[in-house]
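File shown: run.txt. Contents: compact mmCIF, C-alpha atoms.
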```txt
# COMPACT_ATOMS: atom_id res chain seq x y z
CA MET A 1 0.00 0.00 0.00
CA LYS A 2 1.31 3.41 -0.74
CA ARG A 3 -0.29 5.90 1.60
CA PHE A 4 -3.49 5.38 3.22
CA ILE A 5 -3.03 7.21 5.85
CA THR A 6 -0.32 9.73 4.49
CA VAL A 7 -1.84 8.71 5.61
CA CYS A 8 -1.63 5.19 6.05
CA ILE A 9 -3.36 7.30 7.66
CA ALA A 10 -2.37 7.34 4.09
CA MET A 11 -3.39 7.23 6.15
CA THR A 12 -1.74 7.28 3.53
CA LEU A 13 -1.93 4.26 1.53
CA ALA A 14 1.81 4.15 2.62
CA ALA A 15 1.99 4.13 6.27
CA CYS A 16 1.47 0.49 6.03
CA GLY A 17 4.36 -1.69 5.33
CA GLY A 18 5.23 -4.91 7.12
CA GLY A 19 5.06 -5.44 10.81
CA GLY A 20 7.44 -3.58 13.04
CA ALA A 21 9.62 -5.46 15.40
CA GLY A 22 8.87 -3.12 18.20
CA ASN A 23 12.33 -3.09 19.67
CA GLY A 24 12.89 -0.16 21.91
CA GLY A 25 9.78 -1.13 23.73
CA THR A 26 9.43 -0.77 27.43
CA GLY A 27 6.56 -3.13 27.95
CA ALA A 28 4.79 -6.13 26.55
CA ALA A 29 1.97 -5.84 24.10
CA ALA A 30 -1.45 -5.96 25.68
CA ALA A 31 -4.89 -6.77 24.42
CA VAL A 32 -7.00 -3.78 23.61
CA THR A 33 -10.51 -2.76 24.31
CA PRO A 34 -12.72 -1.17 21.66
CA LYS A 35 -12.88 1.87 23.87
CA ARG A 36 -9.37 2.86 22.84
CA LEU A 37 -10.47 3.56 19.30
CA GLU A 38 -12.71 6.38 20.43
CA ALA A 39 -9.70 8.62 20.98
CA TYR A 40 -9.11 8.68 17.24
CA LEU A 41 -12.61 9.53 16.07
CA GLY A 42 -12.94 12.90 14.40
CA THR A 43 -11.39 15.02 11.69
CA TRP A 44 -7.63 15.52 11.56
CA GLN A 45 -5.47 17.70 9.37
CA SER A 46 -1.78 17.78 8.62
CA ASN A 47 0.30 20.91 8.42
CA CYS A 48 0.80 22.42 4.99
CA SER A 49 3.89 20.94 3.41
CA ASP A 50 6.53 23.08 1.72
CA ASN A 51 5.02 22.27 -1.66
CA GLY A 52 1.46 23.15 -0.71
CA VAL A 53 0.08 19.73 0.11
CA ARG A 54 -2.29 19.20 3.01
CA GLN A 55 -4.08 16.06 4.08
CA THR A 56 -7.35 15.77 5.93
CA LEU A 57 -8.35 12.54 7.59
CA VAL A 58 -11.81 11.66 8.84
CA ILE A 59 -12.09 8.75 11.22
CA THR A 60 -15.49 7.32 12.03
CA ARG A 61 -16.57 4.26 13.92
CA ALA A 62 -17.24 1.31 11.66
CA SER A 63 -18.08 -1.28 14.28
CA GLU A 64 -17.32 -2.07 17.87
CA ASN A 65 -13.82 -3.20 17.03
CA ASN A 66 -12.67 -1.04 14.17
CA VAL A 67 -12.87 2.39 12.62
CA SER A 68 -13.21 3.61 9.08
CA THR A 69 -10.88 6.21 7.63
CA MET A 70 -11.24 8.44 4.62
CA TYR A 71 -8.59 10.93 3.71
CA ARG A 72 -8.36 13.79 1.26
CA THR A 73 -5.21 15.32 -0.14
CA ASP A 74 -5.40 18.92 -1.33
CA TYR A 75 -2.76 20.37 -3.63
CA HIS A 76 -2.25 24.12 -3.67
CA MET A 77 -0.20 26.34 -5.93
CA GLY A 78 2.74 28.32 -4.59
CA GLY A 79 3.47 26.23 -1.55
CA LEU A 80 0.71 27.79 0.54
CA CYS A 81 -2.46 26.01 1.57
CA GLY A 82 -4.84 28.95 1.40
CA GLY A 83 -7.71 29.26 -1.06
CA THR A 84 -9.11 26.66 -3.39
CA PRO A 85 -6.79 23.73 -4.13
CA TYR A 86 -5.98 23.13 -7.78
CA ALA A 87 -6.40 19.40 -7.26
CA THR A 88 -7.94 17.14 -4.67
CA VAL A 89 -7.37 13.42 -4.44
CA THR A 90 -9.53 11.06 -2.46
CA PRO A 91 -9.48 7.27 -2.46
CA ALA A 92 -12.40 5.45 -4.00
CA VAL A 93 -13.05 3.44 -0.87
CA ALA A 94 -12.50 3.87 2.84
CA ALA A 95 -9.81 1.96 4.69
CA THR A 96 -10.59 0.08 7.87
CA LEU A 97 -8.33 0.21 10.90
CA THR A 98 -8.35 -2.50 13.50
CA ASN A 99 -6.55 -2.07 16.77
CA THR A 100 -4.65 -5.25 17.46
CA SER A 101 -2.71 -4.45 20.63
CA THR A 102 -1.18 -1.71 22.68
CA GLU A 103 2.47 -1.42 23.46
CA THR A 104 4.61 1.00 25.40
CA LEU A 105 7.55 2.08 23.28
CA ASN A 106 10.21 4.72 23.23
CA VAL A 107 9.24 6.95 20.30
CA ILE A 108 10.75 10.16 18.97
CA LEU A 109 7.60 12.21 18.50
CA THR A 110 9.22 15.35 17.12
CA PRO A 111 12.51 15.76 15.24
CA ASP A 112 15.57 16.48 17.34
CA SER A 113 13.85 15.51 20.55
CA ALA A 114 14.52 12.68 22.92
CA ALA A 115 12.53 9.50 22.70
CA THR A 116 9.50 9.38 24.95
CA ALA A 117 7.84 6.30 26.37
CA VAL A 118 4.33 6.29 24.99
CA THR A 119 1.62 3.67 24.71
CA VAL A 120 0.87 3.24 21.05
CA ASP A 121 -1.98 1.37 19.47
CA ARG A 122 -0.83 -1.20 17.00
CA ILE A 123 -3.17 -1.33 14.03
CA THR A 124 -3.83 -3.22 10.89
CA VAL A 125 -5.11 -1.37 7.86
CA ASP A 126 -7.27 -2.86 5.18
CA ALA A 127 -8.13 -0.96 2.04
CA PRO A 128 -10.31 -2.97 -0.32
CA ARG A 129 -9.75 -2.80 -4.01
CA PRO A 130 -12.48 -0.61 -5.49
CA SER A 131 -15.04 -2.58 -7.43
CA MET B 1 -9.29 14.49 -8.55
CA THR B 2 -11.41 17.54 -9.14
CA ALA B 3 -9.18 19.59 -11.44
CA PRO B 4 -9.22 19.17 -15.21
CA GLU B 5 -7.68 15.83 -15.97
CA THR B 6 -5.87 14.04 -18.69
CA HIS B 7 -4.28 10.65 -18.97
CA ILE B 8 -0.58 10.29 -19.65
CA TYR B 9 1.13 7.09 -20.66
CA ASP B 10 4.78 6.21 -20.50
CA ALA B 11 6.86 5.37 -23.56
CA ASN B 12 5.65 1.80 -23.85
CA GLY B 13 2.05 2.65 -23.26
CA GLN B 14 1.97 1.26 -19.76
CA SER B 15 1.28 2.76 -16.37
CA PRO B 16 -1.34 5.30 -17.24
CA LYS B 17 -1.31 8.28 -14.97
CA LYS B 18 -4.17 10.60 -14.28
CA CYS B 19 -2.94 14.19 -14.21
CA ALA B 20 -4.44 17.45 -13.09
CA MET B 21 -3.75 20.13 -15.67
CA VAL B 22 -2.71 23.66 -14.73
CA ASN B 23 -2.34 26.15 -17.58
CA GLY B 24 -2.21 23.29 -20.02
CA ASN B 25 0.56 21.44 -18.24
CA PRO B 26 0.31 18.29 -16.15
CA ALA B 27 0.82 19.55 -12.63
CA LEU B 28 -0.06 16.54 -10.61
CA CYS B 29 -0.01 12.97 -11.82
CA ILE B 30 -1.36 10.02 -9.92
CA ASP B 31 -0.58 6.45 -10.79
CA GLU B 32 -4.07 5.04 -11.11
CA ALA B 33 -2.88 1.55 -10.34
CA GLU B 34 -1.42 2.79 -7.09
CA VAL B 35 -4.63 4.48 -6.12
CA SER B 36 -6.87 1.56 -6.92
CA ARG B 37 -4.77 -1.37 -5.82
CA GLY B 38 -6.05 -1.65 -2.31
CA GLY B 39 -4.23 -3.80 0.18
CA SER B 40 -3.41 -4.09 3.83
CA GLY B 41 -0.61 -3.36 6.22
CA THR B 42 0.34 -2.51 9.74
CA GLY B 43 1.23 0.59 11.64
CA ALA B 44 0.69 2.27 14.96
CA LEU B 45 -1.22 5.28 16.22
CA TYR B 46 -0.83 7.51 19.21
CA VAL B 47 -2.95 10.45 20.25
CA ARG B 48 -2.10 13.16 22.76
CA ASP B 49 -3.09 16.79 23.19
CA ASN B 50 -5.24 16.76 20.06
CA LYS B 51 -2.35 15.52 17.98
CA LEU B 52 -2.56 12.26 16.08
CA TYR B 53 0.78 10.57 15.46
CA GLN B 54 0.93 8.01 12.71
CA MET B 55 3.86 5.68 13.03
CA VAL B 56 5.28 3.18 10.64
CA PRO B 57 7.61 0.26 11.25
CA GLU B 58 11.27 1.15 11.17
CA ALA B 59 14.16 -1.24 11.40
CA VAL B 60 16.39 0.42 13.99
CA THR B 61 14.05 1.78 16.59
CA GLY B 62 10.96 -0.27 15.84
CA LEU B 63 8.73 2.67 15.01
CA ARG B 64 9.13 6.16 13.65
CA VAL B 65 6.62 8.97 13.41
CA ASP B 66 5.46 9.30 9.81
CA THR B 67 2.74 11.92 10.01
CA VAL B 68 1.40 14.28 12.65
CA MET B 69 -2.11 15.65 12.32
CA THR B 70 -4.09 18.11 14.41
CA ARG B 71 -7.70 17.62 15.41
CA LEU B 72 -10.01 20.14 13.79
```
Encoded form (structure tokens):
Amino acid sequence: MKRFITVCIAMTLAACGGGGAGNGGTGAAAAVTPKRLEAYLGTWQSNCSDNGVRQTLVITRASENNVSTMYRTDYHMGGLCGGTPYATVTPAVAATLTNTSTETLNVILTPDSAATAVTVDRITVDAPRPS
Amino acid sequence: MTAPETHIYDANGQSPKKCAMVNGNPALCIDEAEVSRGGSGTGALYVRDNKLYQMVPEAVTGLRVDTVMTRL
């Protein structure tokens, strides 16, 4: 998958490539409860990139155990994200995220900062081929 | 894609790309196969202070932050 989510979350169809080993972890993976997914529901937007690209991600509940994601990528002229985009790309179908486990890991959340121990939600992403 | 579109093919007629046209020039080209392929994968999410961190597997540290988004 390319980015589902840029979002894997291309979610870029690309945030999704093979399973991570999870080294650097500070705790064992744990089973999850559907409740954890609620923290992700809503509309999310990336910063404007240097070349005028901005992504918007809408996450809605699909069932008790997974959420549905639809993203939109807007392309703007001149490297600024104001005004009407000259092109907008959306996938033909929504991707489904399933939370498989939680795990406490040391993660560098922002560039040039120290790693922080955070509890991340491991997910699987499924984007069906459009019919 | 909502902008005016055209289809561009490579030299051997393969890999058609759908392109948005700006002033008559292809300004943004999307590989249609890439868009429509579908598939599955893994990743990790973390949310804090109205920020959504999307992480992808990475060989050395296990995970790296790929994208940060802000809740609207």
Counting only C-alpha atoms, what is within 6 Å of Gln54 of chain B, bar same-chain residues fewer than 5 positions away, as a PDB file with C-alpha atoms, in the frame of the given file?
```pdb
ATOM      1  CA  LEU B  45      -1.220   5.280  16.220  1.00  0.00           C
ATOM      2  CA  VAL B  65       6.620   8.970  13.410  1.00  0.00           C
ATOM      3  CA  ASP B  66       5.460   9.300   9.810  1.00  0.00           C
ATOM      4  CA  THR B  67       2.740  11.920  10.010  1.00  0.00           C
TER       5      THR B  67
END
```
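Counting from atom CA of Thr73 of chain A, the distance to atom CA of Leu72 of chain B is 15.5 Å.
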In Å and to one decimal, atom CA of Glu103 of chain A is distant from atom CA of Asn47 of chain A by 27.0 Å
Can you work out the spacing between atom CA of Ala117 of chain A and atom CA of Leu105 of chain A in Å, to one decimal?
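So the two atoms, atom CA of Ala117 of chain A and atom CA of Leu105 of chain A, lie 5.2 Å apart.
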Using only C-alpha atoms, pick whichever of B:Val68, B:Val56, B:Gly41, B:Tyr46 has the shortest atom-to-atom distance to Gln55 of chain A.
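Smallest distance to Gln55 of chain A is found for B:Val68.
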Nearby residues (all atoms listed in the file) at most 8 Å from Ala44 of chain B, same-chain spacing under 3 positions excluded, as an NGL selection string
(:A and (120-123)) or (:B and (54-56))
Which residues, written as a PyMOL selection string, have at least one atom at most 6 Å from Lys51 of chain B, with only C-alpha atoms counted and residues fewer than 3 positions away on the same chain left out?
chain B and resi 47-48+69-70
My list of candidates is A:Tyr86, A:Thr96, A:Val67, A:Tyr75. Which is closest to Arg36 of chain A when distances are computed with all atoms listed in the file?
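Using all atoms listed in the file, the shortest distance to Arg36 of chain A belongs to A:Val67.
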So which one's closest to chain B, A:Val125, A:Ala95, A:Val58, A:Leu37? Using only C-alpha atoms, please.
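Using only C-alpha atoms, the shortest distance to chain B belongs to A:Val125.
Nearest-residue note for Thr56 of chain A: choosing from B:Arg71, B:Leu63, B:Thr42, B:Pro57, the minimum distance belongs to B:Arg71, counting all atoms listed in the file.
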Distance criterion (all atoms listed in the file): nearest to Thr124 of chain A out of A:Thr90, A:Thr60, A:Asn51, A:Thr100
A:Thr100
